[in-house]
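File shown: upload.cif (mmCIF, N, CA and C atoms and all ligand atoms).
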data_my_file
#
loop_
_atom_site.label_atom_id
_atom_site.label_comp_id
_atom_site.auth_asym_id
_atom_site.auth_seq_id
_atom_site.Cartn_x
_atom_site.Cartn_y
_atom_site.Cartn_z
N MET A 3 0.85 -1.20 0.00
CA MET A 3 0.00 0.00 0.00
C MET A 3 0.88 1.24 0.00
N HIS A 4 0.88 1.98 -1.10
CA HIS A 4 1.79 3.11 -1.22
C HIS A 4 1.10 4.43 -0.92
N ILE A 5 -0.20 4.38 -0.66
CA ILE A 5 -0.93 5.61 -0.35
C ILE A 5 -1.45 5.54 1.09
N ARG A 6 -1.29 6.63 1.78
CA ARG A 6 -1.68 6.66 3.19
C ARG A 6 -2.70 7.76 3.45
N LYS A 7 -3.25 7.70 4.64
CA LYS A 7 -4.18 8.72 5.10
C LYS A 7 -3.52 10.10 5.02
N ASN A 8 -4.30 11.10 4.63
CA ASN A 8 -3.86 12.49 4.51
C ASN A 8 -2.95 12.77 3.32
N ASP A 9 -2.73 11.77 2.48
CA ASP A 9 -2.00 12.02 1.24
C ASP A 9 -2.88 12.81 0.27
N THR A 10 -2.22 13.57 -0.60
CA THR A 10 -2.94 14.20 -1.69
C THR A 10 -2.82 13.28 -2.90
N VAL A 11 -3.94 12.99 -3.54
CA VAL A 11 -3.94 12.07 -4.67
C VAL A 11 -4.62 12.69 -5.89
N VAL A 12 -4.28 12.17 -7.05
CA VAL A 12 -4.89 12.60 -8.31
C VAL A 12 -5.85 11.50 -8.76
N LEU A 13 -7.04 11.89 -9.19
CA LEU A 13 -7.99 10.90 -9.69
C LEU A 13 -7.60 10.47 -11.10
N LEU A 14 -7.66 9.16 -11.35
CA LEU A 14 -7.33 8.63 -12.66
C LEU A 14 -8.60 8.26 -13.44
N LYS A 15 -9.74 8.58 -12.86
CA LYS A 15 -11.02 8.17 -13.42
C LYS A 15 -12.06 9.19 -13.03
N ASP A 16 -13.09 9.36 -13.86
CA ASP A 16 -14.22 10.23 -13.51
C ASP A 16 -15.12 9.49 -12.51
N PHE A 17 -15.63 10.24 -11.54
CA PHE A 17 -16.61 9.67 -10.63
C PHE A 17 -17.89 10.47 -10.73
N SER A 18 -18.99 9.79 -10.97
CA SER A 18 -20.28 10.47 -11.05
C SER A 18 -20.94 10.43 -9.69
N GLY A 19 -22.20 10.81 -9.64
CA GLY A 19 -22.93 10.82 -8.37
C GLY A 19 -23.42 12.20 -8.04
N PRO A 20 -23.96 12.37 -6.84
CA PRO A 20 -24.52 13.67 -6.45
C PRO A 20 -23.53 14.83 -6.55
N SER A 21 -22.24 14.58 -6.29
CA SER A 21 -21.23 15.62 -6.51
C SER A 21 -20.07 14.99 -7.28
N PRO A 22 -20.16 15.05 -8.62
CA PRO A 22 -19.18 14.36 -9.48
C PRO A 22 -17.78 14.94 -9.33
N SER A 23 -16.78 14.10 -9.49
CA SER A 23 -15.40 14.58 -9.51
C SER A 23 -14.72 14.03 -10.75
N ARG A 24 -13.91 14.89 -11.34
CA ARG A 24 -13.32 14.60 -12.64
C ARG A 24 -11.95 13.95 -12.53
N LYS A 25 -11.64 13.21 -13.55
CA LYS A 25 -10.30 12.68 -13.73
C LYS A 25 -9.30 13.84 -13.70
N GLY A 26 -8.19 13.68 -13.00
CA GLY A 26 -7.18 14.74 -12.95
C GLY A 26 -7.32 15.66 -11.75
N ALA A 27 -8.48 15.60 -11.07
CA ALA A 27 -8.67 16.44 -9.89
C ALA A 27 -7.86 15.89 -8.72
N THR A 28 -7.44 16.78 -7.84
CA THR A 28 -6.70 16.32 -6.66
C THR A 28 -7.61 16.36 -5.45
N THR A 29 -7.37 15.45 -4.54
CA THR A 29 -8.18 15.38 -3.33
C THR A 29 -7.35 14.78 -2.20
N ARG A 30 -7.96 14.71 -1.03
CA ARG A 30 -7.25 14.24 0.15
C ARG A 30 -7.78 12.87 0.55
N VAL A 31 -6.88 12.02 0.99
CA VAL A 31 -7.26 10.68 1.44
C VAL A 31 -7.73 10.75 2.90
N LEU A 32 -8.95 10.29 3.14
CA LEU A 32 -9.50 10.33 4.50
C LEU A 32 -9.25 9.02 5.25
N ARG A 33 -9.35 7.90 4.53
CA ARG A 33 -9.13 6.59 5.16
C ARG A 33 -8.57 5.64 4.12
N VAL A 34 -7.77 4.69 4.56
CA VAL A 34 -7.32 3.62 3.67
C VAL A 34 -7.70 2.27 4.27
N PHE A 35 -8.05 1.35 3.39
CA PHE A 35 -8.38 -0.01 3.79
C PHE A 35 -7.39 -0.96 3.09
N PRO A 36 -6.21 -1.17 3.69
CA PRO A 36 -5.16 -1.91 3.00
C PRO A 36 -5.56 -3.33 2.60
N LYS A 37 -6.34 -4.00 3.44
CA LYS A 37 -6.73 -5.38 3.12
C LYS A 37 -7.61 -5.45 1.90
N LYS A 38 -8.48 -4.46 1.74
CA LYS A 38 -9.39 -4.44 0.60
C LYS A 38 -8.78 -3.75 -0.61
N GLY A 39 -7.70 -2.98 -0.39
CA GLY A 39 -7.11 -2.23 -1.49
C GLY A 39 -7.97 -1.06 -1.92
N THR A 40 -8.72 -0.52 -0.97
CA THR A 40 -9.58 0.63 -1.28
C THR A 40 -9.27 1.78 -0.34
N LEU A 41 -9.81 2.95 -0.68
CA LEU A 41 -9.64 4.10 0.19
C LEU A 41 -10.83 5.03 0.03
N ILE A 42 -10.97 5.93 0.99
CA ILE A 42 -12.00 6.95 0.90
C ILE A 42 -11.31 8.28 0.68
N ALA A 43 -11.69 8.96 -0.40
CA ALA A 43 -11.11 10.26 -0.74
C ALA A 43 -12.18 11.33 -0.56
N GLU A 44 -11.74 12.48 -0.05
CA GLU A 44 -12.66 13.57 0.27
C GLU A 44 -13.47 14.02 -0.94
N GLY A 45 -14.79 13.92 -0.84
CA GLY A 45 -15.68 14.41 -1.89
C GLY A 45 -15.75 13.56 -3.14
N VAL A 46 -15.14 12.37 -3.12
CA VAL A 46 -15.10 11.52 -4.31
C VAL A 46 -16.00 10.30 -4.11
N ASN A 47 -16.75 9.96 -5.17
CA ASN A 47 -17.64 8.80 -5.13
C ASN A 47 -18.70 8.94 -4.03
N VAL A 48 -19.28 10.13 -3.99
CA VAL A 48 -20.30 10.42 -2.97
C VAL A 48 -21.60 9.69 -3.34
N LYS A 49 -22.14 9.02 -2.36
CA LYS A 49 -23.40 8.32 -2.56
C LYS A 49 -24.44 8.89 -1.60
N HIS A 50 -25.70 8.81 -2.02
CA HIS A 50 -26.77 9.10 -1.08
C HIS A 50 -26.97 7.89 -0.20
N LYS A 51 -27.00 8.13 1.08
CA LYS A 51 -27.20 7.02 1.99
C LYS A 51 -28.51 7.24 2.73
N HIS A 52 -29.36 6.24 2.70
CA HIS A 52 -30.67 6.35 3.36
C HIS A 52 -30.56 5.78 4.76
N ILE A 53 -30.95 6.58 5.72
CA ILE A 53 -30.87 6.13 7.11
C ILE A 53 -32.27 6.11 7.72
N ARG A 54 -32.63 4.98 8.30
CA ARG A 54 -33.92 4.88 8.98
C ARG A 54 -33.86 5.60 10.31
N ALA A 55 -34.98 6.13 10.71
CA ALA A 55 -35.05 6.82 11.99
C ALA A 55 -34.73 5.86 13.13
N ASN A 56 -34.09 6.39 14.15
CA ASN A 56 -33.78 5.63 15.37
C ASN A 56 -32.83 4.45 15.17
N THR A 57 -32.04 4.48 14.13
CA THR A 57 -31.05 3.41 13.95
C THR A 57 -29.64 3.96 14.07
N ASN A 58 -29.49 5.26 13.95
CA ASN A 58 -28.16 5.85 13.98
C ASN A 58 -28.16 7.02 14.96
N ARG A 59 -27.26 6.96 15.91
CA ARG A 59 -27.20 7.98 16.96
C ARG A 59 -26.99 9.40 16.40
N ASP A 60 -26.22 9.50 15.32
CA ASP A 60 -25.95 10.82 14.75
C ASP A 60 -27.15 11.38 13.98
N TYR A 61 -28.02 10.50 13.53
CA TYR A 61 -29.18 10.95 12.73
C TYR A 61 -30.45 10.32 13.31
N PRO A 62 -30.88 10.82 14.47
CA PRO A 62 -32.03 10.19 15.14
C PRO A 62 -33.31 10.23 14.33
N ARG A 63 -33.41 11.22 13.43
CA ARG A 63 -34.64 11.32 12.63
C ARG A 63 -34.51 10.61 11.29
N GLY A 64 -33.36 10.03 11.03
CA GLY A 64 -33.15 9.35 9.76
C GLY A 64 -33.03 10.36 8.64
N GLY A 65 -33.17 9.89 7.41
CA GLY A 65 -33.10 10.80 6.27
C GLY A 65 -32.07 10.34 5.26
N ILE A 66 -31.77 11.22 4.32
CA ILE A 66 -30.81 10.90 3.26
C ILE A 66 -29.58 11.78 3.47
N ILE A 67 -28.44 11.15 3.60
CA ILE A 67 -27.20 11.91 3.77
C ILE A 67 -26.25 11.59 2.62
N LYS A 68 -25.31 12.48 2.39
CA LYS A 68 -24.29 12.24 1.37
C LYS A 68 -23.04 11.73 2.07
N LYS A 69 -22.48 10.67 1.53
CA LYS A 69 -21.33 10.08 2.18
C LYS A 69 -20.40 9.50 1.12
N GLU A 70 -19.10 9.63 1.33
CA GLU A 70 -18.15 9.06 0.39
C GLU A 70 -18.11 7.54 0.52
N ALA A 71 -18.16 6.86 -0.61
CA ALA A 71 -18.00 5.41 -0.62
C ALA A 71 -16.56 5.09 -1.02
N PRO A 72 -16.03 3.94 -0.55
CA PRO A 72 -14.64 3.61 -0.89
C PRO A 72 -14.43 3.44 -2.39
N ILE A 73 -13.25 3.82 -2.86
CA ILE A 73 -12.88 3.61 -4.26
C ILE A 73 -11.63 2.74 -4.30
N ASN A 74 -11.41 2.07 -5.42
CA ASN A 74 -10.24 1.23 -5.53
C ASN A 74 -8.98 2.07 -5.62
N ILE A 75 -7.93 1.58 -4.98
CA ILE A 75 -6.68 2.34 -4.92
C ILE A 75 -6.08 2.55 -6.31
N SER A 76 -6.43 1.68 -7.27
CA SER A 76 -5.89 1.81 -8.62
C SER A 76 -6.49 3.00 -9.36
N ASN A 77 -7.52 3.61 -8.79
CA ASN A 77 -8.15 4.76 -9.44
C ASN A 77 -7.52 6.08 -9.05
N VAL A 78 -6.52 6.03 -8.19
CA VAL A 78 -5.83 7.25 -7.79
C VAL A 78 -4.31 7.08 -7.90
N ALA A 79 -3.63 8.20 -8.01
CA ALA A 79 -2.16 8.20 -8.00
C ALA A 79 -1.70 9.25 -7.01
N LEU A 80 -0.56 9.01 -6.42
CA LEU A 80 0.00 9.97 -5.47
C LEU A 80 0.36 11.27 -6.19
N TYR A 81 0.10 12.39 -5.51
CA TYR A 81 0.35 13.70 -6.10
C TYR A 81 1.59 14.32 -5.47
N CYS A 82 2.48 14.87 -6.31
CA CYS A 82 3.66 15.56 -5.80
C CYS A 82 3.45 17.06 -5.95
N ALA A 83 3.48 17.78 -4.83
CA ALA A 83 3.26 19.23 -4.86
C ALA A 83 4.40 19.94 -5.57
N ALA A 84 5.61 19.40 -5.48
CA ALA A 84 6.77 20.03 -6.12
C ALA A 84 6.71 19.92 -7.64
N CYS A 85 6.26 18.76 -8.14
CA CYS A 85 6.14 18.56 -9.59
C CYS A 85 4.79 19.08 -10.11
N ALA A 86 3.83 19.25 -9.22
CA ALA A 86 2.45 19.55 -9.57
C ALA A 86 1.91 18.52 -10.54
N ALA A 87 2.23 17.25 -10.28
CA ALA A 87 1.79 16.16 -11.14
C ALA A 87 1.72 14.87 -10.34
N LYS A 88 1.12 13.87 -10.95
CA LYS A 88 1.06 12.58 -10.28
C LYS A 88 2.45 11.94 -10.32
N THR A 89 2.72 11.13 -9.32
CA THR A 89 4.05 10.54 -9.23
C THR A 89 3.99 9.20 -8.52
N LYS A 90 5.15 8.60 -8.37
CA LYS A 90 5.26 7.40 -7.56
C LYS A 90 6.26 7.71 -6.45
N ALA A 91 6.07 7.05 -5.32
CA ALA A 91 6.93 7.31 -4.18
C ALA A 91 8.07 6.31 -4.12
N ALA A 92 9.22 6.78 -3.70
CA ALA A 92 10.35 5.91 -3.40
C ALA A 92 10.62 6.06 -1.92
N GLU A 93 11.14 5.01 -1.31
CA GLU A 93 11.41 5.10 0.12
C GLU A 93 12.86 5.45 0.37
N LYS A 94 13.06 6.34 1.32
CA LYS A 94 14.41 6.77 1.64
C LYS A 94 14.52 6.88 3.16
N THR A 95 15.65 6.46 3.69
CA THR A 95 15.83 6.57 5.13
C THR A 95 16.70 7.78 5.44
N VAL A 96 16.13 8.73 6.18
CA VAL A 96 16.84 9.94 6.58
C VAL A 96 16.91 9.97 8.09
N GLU A 97 18.13 10.00 8.61
CA GLU A 97 18.36 10.01 10.06
C GLU A 97 17.56 8.91 10.77
N GLY A 98 17.59 7.73 10.19
CA GLY A 98 16.94 6.58 10.81
C GLY A 98 15.44 6.52 10.63
N ARG A 99 14.88 7.54 9.97
CA ARG A 99 13.44 7.53 9.75
C ARG A 99 13.13 7.29 8.28
N LYS A 100 12.15 6.44 8.05
CA LYS A 100 11.73 6.17 6.68
C LYS A 100 10.86 7.32 6.18
N THR A 101 11.23 7.89 5.07
CA THR A 101 10.38 8.91 4.47
C THR A 101 10.11 8.52 3.03
N ARG A 102 9.07 9.09 2.49
CA ARG A 102 8.75 8.83 1.09
C ARG A 102 9.15 10.06 0.28
N ILE A 103 9.81 9.81 -0.81
CA ILE A 103 10.20 10.90 -1.69
C ILE A 103 9.61 10.67 -3.08
N CYS A 104 9.50 11.76 -3.82
CA CYS A 104 8.99 11.69 -5.19
C CYS A 104 10.07 11.09 -6.08
N ARG A 105 9.67 10.12 -6.90
CA ARG A 105 10.64 9.44 -7.76
C ARG A 105 11.14 10.35 -8.89
N LYS A 106 10.37 11.39 -9.20
CA LYS A 106 10.76 12.28 -10.30
C LYS A 106 11.71 13.38 -9.83
N CYS A 107 11.34 14.06 -8.71
CA CYS A 107 12.12 15.23 -8.31
C CYS A 107 12.89 15.02 -7.02
N GLY A 108 12.61 13.93 -6.29
CA GLY A 108 13.35 13.66 -5.06
C GLY A 108 12.90 14.43 -3.84
N GLU A 109 11.86 15.26 -4.02
CA GLU A 109 11.34 16.01 -2.89
C GLU A 109 10.49 15.09 -2.00
N PRO A 110 10.45 15.38 -0.69
CA PRO A 110 9.59 14.57 0.19
C PRO A 110 8.14 14.71 -0.22
N ILE A 111 7.37 13.63 -0.06
CA ILE A 111 5.94 13.68 -0.34
C ILE A 111 5.24 14.50 0.73
N GLN A 112 4.48 15.50 0.30
CA GLN A 112 3.77 16.37 1.22
C GLN A 112 2.44 15.73 1.61
N THR A 113 2.14 15.76 2.89
CA THR A 113 0.82 15.33 3.33
C THR A 113 0.12 16.52 3.98
N THR A 114 -1.16 16.40 4.15
CA THR A 114 -1.93 17.53 4.68
C THR A 114 -2.01 17.51 6.21
N ALA A 115 -1.40 16.53 6.83
CA ALA A 115 -1.43 16.50 8.31
C ALA A 115 -0.01 16.45 8.88
ZN ZN B 1 7.99 15.52 -7.52
#

Write out the structure in this file as structure tokens.
Amino acid sequence: MHIRKNDTVVLLKDFSGPSPSRKGATTRVLRVFPKKGTLIAEGVNVKHKHIRANTNRDYPRGGIIKKEAPINISNVALYCAACAAKTKAAEKTVEGRKTRICRKCGEPIQTTA
């Protein structure tokens, strides 16, 4: 799994739905599911979710909410802020700590957290 939570990623595919997102758009990774090979990206693959009343503590009255559904990790690529393009990460050990660097420019991969 080369993509982690809070990474900035580029979409490699169009996603439709209540709030569509286009191929080439950048977004933030909210969660990763390494076993499934999927992740949840902010505002991508939004689905309407129907909630019955009295089944969910956050929505006691039920209703329809918008929620991101997981997407396959192959539909996104890591984004390098220095290159302003999609890239792949290489691992480098600096002062005993593993960091990820951009394979194109060698800059550390920027995360939003
Ligand atoms: Zn780069």

Set out as a tab-separated table a contact list for chain A and ligand ZN 1 (chain B) with a cut-off of 9 Å, giving each residue of chain A that qualifies its closest atom pair and distance in Å to one decimal, counting only C-alpha atoms and all ligand atoms, ordered by chain and rising residue number.
residue	atom	partner	partner_atom	distance
A:Tyr81	CA	B:ZN1	ZN	8.0
A:Cys82	CA	B:ZN1	ZN	4.7
A:Ala83	CA	B:ZN1	ZN	6.6
A:Ala84	CA	B:ZN1	ZN	4.9
A:Cys85	CA	B:ZN1	ZN	4.1
A:Ala86	CA	B:ZN1	ZN	7.2
A:Ala87	CA	B:ZN1	ZN	7.2
A:Lys88	CA	B:ZN1	ZN	8.0
A:Thr89	CA	B:ZN1	ZN	6.6
A:Lys90	CA	B:ZN1	ZN	8.6
A:Ala91	CA	B:ZN1	ZN	8.9
A:Ile103	CA	B:ZN1	ZN	7.8
A:Cys104	CA	B:ZN1	ZN	4.6
A:Arg105	CA	B:ZN1	ZN	6.6
A:Lys106	CA	B:ZN1	ZN	5.1
A:Cys107	CA	B:ZN1	ZN	4.2
A:Gly108	CA	B:ZN1	ZN	6.2
A:Glu109	CA	B:ZN1	ZN	5.7
A:Pro110	CA	B:ZN1	ZN	7.9
A:Ile111	CA	B:ZN1	ZN	7.7

Any idea what's packed within 6 Å of Gly65 (chain A), counting all atoms listed in the file, ignoring anything in its chain fewer than 4 positions away? Could you give it as a PyMOL selection string?
-> chain A and resi 51-55

Minimum-distance residue to Gly26 (chain A), chosen among A:Gly64, A:Thr101, A:Val12, A:Ala71 (using all atoms listed in the file) = A:Val12

Find, counting only N, CA and C atoms, the residue in A:Val34, A:Ser21, A:Val48, A:Thr28 that gets nearest to Lys7 (chain A).
->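 Ranked by minimum distance to Lys7 (chain A), first place goes to A:Val34.
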
Got a sec to tell me which of region 13-108 of chain A DSSP assigns to strand (DSSP E or B), as a PyMOL selection string?
-> chain A and resi 13+17+23+28-35+40-43+48-53+65-70+73-74+78-82+87-89+91-96+99-104

At what distance in Å, to one decimal, does atom N of Lys38 (chain A) lie from CA of Val96 (chain A)?
->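 Here the two named atoms are 29.5 Å from each other.
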